[in-house]
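*Asks:* What follows is work.pdb; its format and atoms are PDB, C-alpha atoms.
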```pdb
ATOM      1  CA  MET A   1       1.651   9.538  13.456
ATOM      2  CA  ARG A   2      -0.250   8.622  16.627
ATOM      3  CA  LEU A   3      -2.759   5.782  16.356
ATOM      4  CA  GLU A   4      -4.672   7.330  19.264
ATOM      5  CA  ASP A   5      -5.486  10.358  17.096
ATOM      6  CA  PHE A   6      -7.551   8.095  14.846
ATOM      7  CA  ILE A   7      -8.852   5.317  17.090
ATOM      8  CA  ARG A   8      -9.914   5.922  20.681
ATOM      9  CA  GLU A   9     -11.099   2.514  21.907
ATOM     10  CA  GLU A  10      -8.378   0.802  23.962
ATOM     11  CA  ASP A  11      -9.429  -2.719  22.919
ATOM     12  CA  SER A  12      -9.181  -1.710  19.277
ATOM     13  CA  ILE A  13      -5.767  -0.128  19.765
ATOM     14  CA  ARG A  14      -4.474  -3.281  21.493
ATOM     15  CA  LEU A  15      -5.795  -5.446  18.650
ATOM     16  CA  ILE A  16      -4.144  -3.247  16.039
ATOM     17  CA  GLU A  17      -0.814  -3.230  17.871
ATOM     18  CA  ARG A  18      -0.923  -7.003  18.253
ATOM     19  CA  THR A  19      -1.642  -7.305  14.544
ATOM     20  CA  ARG A  20       1.265  -4.990  13.754
ATOM     21  CA  GLU A  21       3.662  -7.276  15.652
ATOM     22  CA  PHE A  22       2.190 -10.336  13.927
ATOM     23  CA  ALA A  23       2.614  -8.741  10.498
ATOM     24  CA  LYS A  24       6.207  -7.663  11.177
ATOM     25  CA  GLY A  25       7.176 -11.294  11.648
ATOM     26  CA  PHE A  26       6.629 -12.018   7.952
ATOM     27  CA  PHE A  27       9.306  -9.591   6.780
ATOM     28  CA  GLU A  28      12.928 -10.656   7.191
ATOM     29  CA  ARG A  29      14.377  -7.876   5.040
ATOM     30  CA  GLU A  30      13.534  -4.444   3.723
ATOM     31  CA  GLY A  31      13.019  -3.491   0.094
ATOM     32  CA  THR A  32      10.336  -2.057  -2.125
ATOM     33  CA  HIS A  33       7.728  -4.229  -0.396
ATOM     34  CA  GLY A  34       9.260  -4.404   3.071
ATOM     35  CA  PHE A  35       7.426  -3.574   6.273
ATOM     36  CA  SER A  36       8.152   0.147   5.819
ATOM     37  CA  HIS A  37       5.824  -0.003   2.787
ATOM     38  CA  THR A  38       3.172  -1.569   5.019
ATOM     39  CA  GLU A  39       3.600   1.232   7.567
ATOM     40  CA  ARG A  40       3.165   3.930   4.915
ATOM     41  CA  VAL A  41       0.056   2.238   3.518
ATOM     42  CA  PHE A  42      -1.289   1.984   7.070
ATOM     43  CA  ASN A  43      -0.741   5.735   7.596
ATOM     44  CA  LEU A  44      -2.395   6.613   4.288
ATOM     45  CA  CYS A  45      -5.348   4.333   5.044
ATOM     46  CA  LEU A  46      -6.068   6.023   8.356
ATOM     47  CA  HIS A  47      -5.858   9.528   6.891
ATOM     48  CA  ILE A  48      -8.008   8.649   3.869
ATOM     49  CA  GLY A  49     -10.374   6.510   5.931
ATOM     50  CA  ARG A  50     -11.059   9.328   8.379
ATOM     51  CA  GLU A  51     -11.892  11.680   5.504
ATOM     52  CA  GLU A  52     -14.092   9.118   3.754
ATOM     53  CA  GLY A  53     -15.910   7.844   6.864
ATOM     54  CA  ALA A  54     -14.576   4.288   6.764
ATOM     55  CA  ASP A  55     -14.370   1.665   9.517
ATOM     56  CA  LEU A  56     -10.876   2.565  10.724
ATOM     57  CA  GLU A  57     -10.372  -0.614  12.714
ATOM     58  CA  VAL A  58     -11.062  -2.854   9.718
ATOM     59  CA  LEU A  59      -8.922  -0.598   7.559
ATOM     60  CA  ALA A  60      -6.026  -0.605  10.015
ATOM     61  CA  LEU A  61      -6.028  -4.398  10.264
ATOM     62  CA  ALA A  62      -6.319  -4.893   6.507
ATOM     63  CA  SER A  63      -3.490  -2.466   5.770
ATOM     64  CA  LEU A  64      -1.140  -4.096   8.283
ATOM     65  CA  LEU A  65      -1.876  -7.554   6.881
ATOM     66  CA  HIS A  66      -2.191  -6.777   3.163
ATOM     67  CA  ASP A  67       1.342  -7.807   2.154
ATOM     68  CA  ILE A  68       2.166 -10.496   4.729
ATOM     69  CA  ALA A  69       2.340 -13.146   2.004
ATOM     70  CA  ARG A  70       4.412 -10.989  -0.374
ATOM     71  CA  PRO A  71       7.689 -12.619   0.792
ATOM     72  CA  LEU A  72       6.135 -16.035   0.079
ATOM     73  CA  GLU A  73       5.204 -14.939  -3.442
ATOM     74  CA  SER A  74       8.686 -13.510  -4.010
ATOM     75  CA  ALA A  75      10.161 -16.851  -2.957
ATOM     76  CA  GLY A  76       7.873 -18.697  -5.374
ATOM     77  CA  LYS A  77       5.983 -20.458  -2.592
ATOM     78  CA  VAL A  78       2.556 -19.015  -3.436
ATOM     79  CA  GLU A  79       1.097 -17.708  -6.678
ATOM     80  CA  ASP A  80      -0.818 -14.677  -5.384
ATOM     81  CA  HIS A  81       0.146 -12.934  -2.153
ATOM     82  CA  ALA A  82      -3.243 -11.210  -1.907
ATOM     83  CA  VAL A  83      -5.161 -14.500  -1.872
ATOM     84  CA  GLU A  84      -2.706 -16.177   0.504
ATOM     85  CA  GLY A  85      -2.535 -13.094   2.729
ATOM     86  CA  ALA A  86      -6.311 -13.105   3.108
ATOM     87  CA  LYS A  87      -6.201 -16.757   4.208
ATOM     88  CA  ILE A  88      -3.523 -16.033   6.818
ATOM     89  CA  ALA A  89      -5.438 -12.972   8.031
ATOM     90  CA  ARG A  90      -8.626 -15.024   8.425
ATOM     91  CA  ARG A  91      -6.857 -17.622  10.551
ATOM     92  CA  PHE A  92      -5.085 -15.030  12.689
ATOM     93  CA  LEU A  93      -8.101 -12.812  13.388
ATOM     94  CA  THR A  94     -10.424 -15.762  13.931
ATOM     95  CA  SER A  95      -7.966 -17.156  16.498
ATOM     96  CA  LEU A  96      -8.317 -13.874  18.417
ATOM     97  CA  GLY A  97     -12.107 -14.128  18.468
ATOM     98  CA  TYR A  98     -12.609 -11.246  16.053
ATOM     99  CA  PRO A  99     -16.216 -11.112  14.741
ATOM    100  CA  GLU A 100     -16.688 -13.178  11.573
ATOM    101  CA  GLU A 101     -18.290 -10.317   9.634
ATOM    102  CA  LYS A 102     -15.301  -8.084  10.318
ATOM    103  CA  VAL A 103     -12.853 -10.893   9.566
ATOM    104  CA  GLU A 104     -14.413 -11.188   6.122
ATOM    105  CA  ALA A 105     -14.291  -7.417   5.625
ATOM    106  CA  VAL A 106     -10.554  -7.451   6.347
ATOM    107  CA  ALA A 107      -9.995 -10.502   4.124
ATOM    108  CA  HIS A 108     -11.889  -8.983   1.200
ATOM    109  CA  ALA A 109      -9.850  -5.778   1.388
ATOM    110  CA  ILE A 110      -6.630  -7.812   1.298
ATOM    111  CA  GLU A 111      -7.821  -9.986  -1.600
ATOM    112  CA  ALA A 112      -8.856  -6.931  -3.639
ATOM    113  CA  HIS A 113      -5.925  -4.581  -2.992
ATOM    114  CA  ARG A 114      -3.934  -5.383  -6.164
ATOM    115  CA  PHE A 115      -4.879  -3.048  -9.005
ATOM    116  CA  SER A 116      -3.320  -5.355 -11.616
ATOM    117  CA  ARG A 117      -5.712  -8.250 -10.990
ATOM    118  CA  GLY A 118      -9.129  -8.970  -9.474
ATOM    119  CA  PRO A 119     -11.327  -9.113  -7.606
ATOM    120  CA  GLU A 120     -12.668  -5.575  -7.696
ATOM    121  CA  PRO A 121     -12.918  -3.954  -4.251
ATOM    122  CA  LYS A 122     -16.575  -3.865  -3.190
ATOM    123  CA  THR A 123     -16.388  -2.101   0.170
ATOM    124  CA  LEU A 124     -15.191   1.369   1.068
ATOM    125  CA  GLU A 125     -12.400  -0.113   3.168
ATOM    126  CA  ALA A 126     -11.218  -2.301   0.276
ATOM    127  CA  LYS A 127     -11.231   0.685  -2.083
ATOM    128  CA  ILE A 128      -9.216   2.776   0.358
ATOM    129  CA  LEU A 129      -6.610   0.039   0.848
ATOM    130  CA  SER A 130      -6.244  -0.308  -2.915
ATOM    131  CA  ASP A 131      -5.896   3.464  -3.235
ATOM    132  CA  ALA A 132      -3.295   3.687  -0.459
ATOM    133  CA  ASP A 133      -1.249   0.865  -1.965
ATOM    134  CA  LYS A 134      -1.196   2.673  -5.322
ATOM    135  CA  LEU A 135      -0.423   6.044  -3.723
ATOM    136  CA  ASP A 136       2.751   4.606  -2.224
ATOM    137  CA  ALA A 137       4.024   4.180  -5.793
ATOM    138  CA  ILE A 138       3.588   7.868  -6.702
ATOM    139  CA  GLY A 139       5.417  11.023  -5.649
ATOM    140  CA  ALA A 140       8.707  11.228  -3.751
ATOM    141  CA  ILE A 141       8.201   7.829  -2.119
ATOM    142  CA  GLY A 142       7.247   6.283  -5.455
ATOM    143  CA  ILE A 143      10.378   7.660  -7.109
ATOM    144  CA  ALA A 144      12.544   6.301  -4.293
ATOM    145  CA  ARG A 145      10.900   2.890  -4.593
ATOM    146  CA  VAL A 146      11.370   2.710  -8.373
ATOM    147  CA  PHE A 147      15.093   3.299  -8.064
ATOM    148  CA  MET A 148      15.363   1.005  -5.041
ATOM    149  CA  TYR A 149      13.796  -1.756  -7.157
ATOM    150  CA  SER A 150      16.119  -0.909 -10.042
ATOM    151  CA  GLY A 151      19.139  -1.236  -7.776
ATOM    152  CA  GLU A 152      17.889  -4.583  -6.501
ATOM    153  CA  HIS A 153      17.400  -5.930 -10.036
ATOM    154  CA  GLY A 154      20.200  -4.280 -12.006
ATOM    155  CA  ARG A 155      17.881  -2.034 -14.019
ATOM    156  CA  ASP A 156      19.401   1.138 -15.476
ATOM    157  CA  ILE A 157      18.037   4.699 -15.330
ATOM    158  CA  GLU A 158      16.455   4.586 -18.794
ATOM    159  CA  ALA A 159      14.610   1.363 -17.960
ATOM    160  CA  SER A 160      13.443   2.965 -14.727
ATOM    161  CA  LEU A 161      12.053   5.942 -16.629
ATOM    162  CA  ARG A 162      10.186   3.612 -18.975
ATOM    163  CA  HIS A 163       8.603   2.031 -15.894
ATOM    164  CA  PHE A 164       7.269   5.438 -14.879
ATOM    165  CA  GLU A 165       5.648   5.846 -18.298
ATOM    166  CA  GLU A 166       4.300   2.302 -18.511
ATOM    167  CA  LYS A 167       2.874   2.090 -14.982
ATOM    168  CA  ILE A 168       3.472   4.830 -12.420
ATOM    169  CA  LEU A 169       2.055   7.766 -14.410
ATOM    170  CA  LYS A 170      -1.187   5.845 -15.005
ATOM    171  CA  LEU A 171      -1.964   5.279 -11.327
ATOM    172  CA  LYS A 172      -3.620   8.628 -10.556
ATOM    173  CA  ASP A 173      -6.520   7.718 -12.845
ATOM    174  CA  LEU A 174      -7.146   4.434 -11.013
ATOM    175  CA  MET A 175      -8.118   5.854  -7.611
ATOM    176  CA  TYR A 176     -11.524   4.993  -6.149
ATOM    177  CA  THR A 177     -11.977   7.683  -3.507
ATOM    178  CA  GLU A 178     -12.064  11.457  -3.790
ATOM    179  CA  THR A 179      -9.491  11.877  -1.027
ATOM    180  CA  ALA A 180      -7.042   9.545  -2.779
ATOM    181  CA  ARG A 181      -7.603  11.296  -6.109
ATOM    182  CA  ARG A 182      -6.660  14.605  -4.497
ATOM    183  CA  ILE A 183      -3.475  13.159  -2.990
ATOM    184  CA  ALA A 184      -2.630  11.333  -6.221
ATOM    185  CA  GLU A 185      -2.909  14.491  -8.296
ATOM    186  CA  GLU A 186      -0.307  16.303  -6.202
ATOM    187  CA  ARG A 187       2.041  13.313  -6.154
ATOM    188  CA  HIS A 188       1.602  12.870  -9.909
ATOM    189  CA  VAL A 189       2.674  16.463 -10.588
ATOM    190  CA  PHE A 190       5.788  15.978  -8.451
ATOM    191  CA  THR A 191       6.624  12.787 -10.355
ATOM    192  CA  LEU A 192       6.252  14.541 -13.724
ATOM    193  CA  GLU A 193       8.544  17.347 -12.574
ATOM    194  CA  PHE A 194      11.160  14.811 -11.491
ATOM    195  CA  ILE A 195      11.013  12.942 -14.810
ATOM    196  CA  GLU A 196      11.382  16.195 -16.758
ATOM    197  CA  ARG A 197      14.337  17.221 -14.599
ATOM    198  CA  ILE A 198      16.197  13.917 -14.843
ATOM    199  CA  ARG A 199      15.679  13.736 -18.613
ATOM    200  CA  ARG A 200      17.146  17.232 -18.997
ATOM    201  CA  GLU A 201      20.125  16.184 -16.890
ATOM    202  CA  ILE A 202      20.598  13.044 -19.004
ATOM    203  CA  GLU A 203      20.611  15.210 -22.130
ATOM    204  CA  GLY A 204      23.160  17.515 -20.526
ATOM    205  CA  GLU A 205      20.888  20.562 -20.738
ATOM    206  CA  ILE A 206      21.325  21.418 -17.053
TER     207      ILE A 206
END
```
Could you write out this file's structure as structure tokens?
*Replies:*
Amino acid sequence: MRLEDFIREEDSIRLIERTREFAKGFFEREGTHGFSHTERVFNLCLHIGREEGADLEVLALASLLHDIARPLESAGKVEDHAVEGAKIARRFLTSLGYPEEKVEAVAHAIEAHRFSRGPEPKTLEAKILSDADKLDAIGAIGIARVFMYSGEHGRDIEASLRHFEEKILKLKDLMYTETARRIAEERHVFTLEFIERIRREIEGEI
């Protein structure tokens, strides 16, 4: 995906690329929430944001920075990576002279991106980031991530399938934007087909 297909202003592109390099520095290893997850959320945000008429610069920055404190949370150093990530984003963007109003728009989107806890996203950009983060847990990518997580934590196939039922299959009904709902519906169908197939294989039917 070419950033230039979504954002034309050179200053904006430079800011986004600088932010990408800054964000990469927080991730020492890959995994279910590694930087590749950030890149996919970034791509989804730009596609959804263009359809929904969002501020693509704010959305790009928020998506690149939304999980920068996730490694700190995983290490037990902070309680909530969304809250801590917003603080880091504020300091970073303010140091670059980014307008205060836009800094706060980015920070709010980061703070509100987790569907499992508040605050509720109030802006279009925050809603899109939340949607994109959830979309990355559905469909082919979502399936891959579930089993990647299971491998990391010694969880068996049956436990993984329960996770689909308890969480993943509920995500399509939690989307805020029409564009995300459309994408979620297709990914949801694919996920259901996979679960049906793997259960039949477990039972020895096929």
*Asks:* Could you name the residues that touch Ala86 in chain A at 7 Å or less, counting all atoms listed in the file, but leaving out those on the same chain fewer than 2 positions away, as a PDB file with C-alpha atoms, in the frame of the given file?
*Replies:*
```pdb
ATOM      1  CA  ALA A  82      -3.243 -11.210  -1.907  1.00  0.00           C
ATOM      2  CA  VAL A  83      -5.161 -14.500  -1.872  1.00  0.00           C
ATOM      3  CA  GLU A  84      -2.706 -16.177   0.504  1.00  0.00           C
ATOM      4  CA  ILE A  88      -3.523 -16.033   6.818  1.00  0.00           C
ATOM      5  CA  ALA A  89      -5.438 -12.972   8.031  1.00  0.00           C
ATOM      6  CA  ARG A  90      -8.626 -15.024   8.425  1.00  0.00           C
ATOM      7  CA  ALA A 107      -9.995 -10.502   4.124  1.00  0.00           C
ATOM      8  CA  ILE A 110      -6.630  -7.812   1.298  1.00  0.00           C
ATOM      9  CA  GLU A 111      -7.821  -9.986  -1.600  1.00  0.00           C
TER      10      GLU A 111
END
```
*Asks:* May I have the residues within 9 Å of range 192-196 of chain A as a list in words, using only C-alpha atoms and disregarding those fewer than 2 positions away in the same chain?
*Replies:* Gly139, Ala140, Ile143, Leu161, Phe164, Leu169, Arg187, His188, Val189, Phe190, Ile198, Arg199, Arg200 and Glu201 of chain A
*Asks:* Taking only C-alpha atoms into account, which of A:Ala54, A:Cys45, A:Ala144, A:Leu65 comes nearest Arg18 in chain A?
*Replies:* A:Leu65
*Asks:* Taking all atoms listed in the file into account, name the residue in A:Tyr149, A:Arg50, A:Asp11, A:His108 that is nearest to Glu120 in chain A.
*Replies:*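 Of A:Tyr149, A:Arg50, A:Asp11, A:His108, the one nearest Glu120 in chain A is A:His108, counting all atoms listed in the file.
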*Asks:* Between A:Val58, A:Ile128, A:Ile13, A:Leu46, which one has atoms that come closest to Leu174 in chain A, using all atoms listed in the file?
*Replies:*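 Of the candidates, the smallest distance to Leu174 in chain A is held by A:Ile128.
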*Asks:* Given the choices A:Gly25, A:Ser36, A:Leu15, A:Lys87, which gets closest to Arg145 in chain A if the distance is worked out from all atoms listed in the file?
*Replies:*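 Among A:Gly25, A:Ser36, A:Leu15, A:Lys87, it is A:Ser36 that comes nearest to Arg145 in chain A.
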*Asks:* Please enumerate the residues selected by the PyMOL selection byres ((chain A and resi 66) around 8) when evaluated against the supplied file, formatted as a ChimeraX atom specification.
*Replies:* /A:38,62-65,67-69,82,85-86,109-110,113
*Asks:* Give me, as a PyMOL selection string, all polymer residues having an atom no more than 9 Å from Ser130 in chain A, counting only C-alpha atoms and skipping those fewer than 5 positions away in the same chain.
*Replies:* chain A and resi 109-110+112-115+121+125+135+175-176
*Asks:* Please provide as a count of residues only all residues within 12 Å of Glu4 in chain A, with the sequence filter that same-chain residues fewer than 5 positions apart are discarded (counting all atoms listed in the file).
*Replies:* 11
*Asks:* One number please: CA of Phe26 in chain A to CA of Glu79 in chain A, in Å, one decimal.
*Replies:*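 Those two atoms sit 16.6 Å apart.
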*Asks:* Report the distance between CA of Leu3 in chain A and CA of Pro119 in chain A in Å, rounded to one decimal place.
*Replies:*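 Going from CA of Leu3 in chain A over to CA of Pro119 in chain A, I get 29.5 Å.
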*Asks:* Excluding Phe27 in chain A and its own-chain neighbours fewer than 6 positions away, which residues fall within 7 Å of it when counting all atoms listed in the file? Please give them as JSON, numbers by chain.
*Replies:* {"A": [34, 35, 71]}
*Asks:* Would you mind reading off the distance between CA of Ile206 in chain A and CA of Glu185 in chain A, one decimal, in Å?
*Replies:*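 Straight-line distance from CA of Ile206 in chain A to CA of Glu185 in chain A works out to 26.7 Å.
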*Asks:* Please determine, counting only C-alpha atoms, which residue among A:Arg8, A:Arg20, A:Arg91, A:Lys134 has the shortest atom-to-atom distance to Leu44 in chain A.
*Replies:*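 Checking each candidate against Leu44 in chain A, we get A:Lys134 as the closest.
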*Asks:* Give the answer as one residue: which of A:Lys122, A:Ala184, A:Asp55, A:Leu96 has the shortest atom-to-atom distance to Lys170 in chain A, using only C-alpha atoms?
*Replies:*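 Looking only at the distances to Lys170 in chain A, the closest residue turns out to be A:Ala184.
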*Asks:* Starting from the shown file, work through the PyMOL selection byres ((chain A and resi 179) around 10) and note down what comes out as a PyMOL selection string.
*Replies:* chain A and resi 47-52+128+131+175-178+180-184
*Asks:* Taking all listed atoms of range 91-97 of chain A, build the axis-aligned box, pad each of the six sides by 8 Å, then write its centre and edge lengths in Å to one decimal as JSON.
*Replies:*
```
{"center_x": -8.6, "center_y": -15.2, "center_z": 14.5, "size_x": 23.0, "size_y": 20.8, "size_z": 23.9}
```
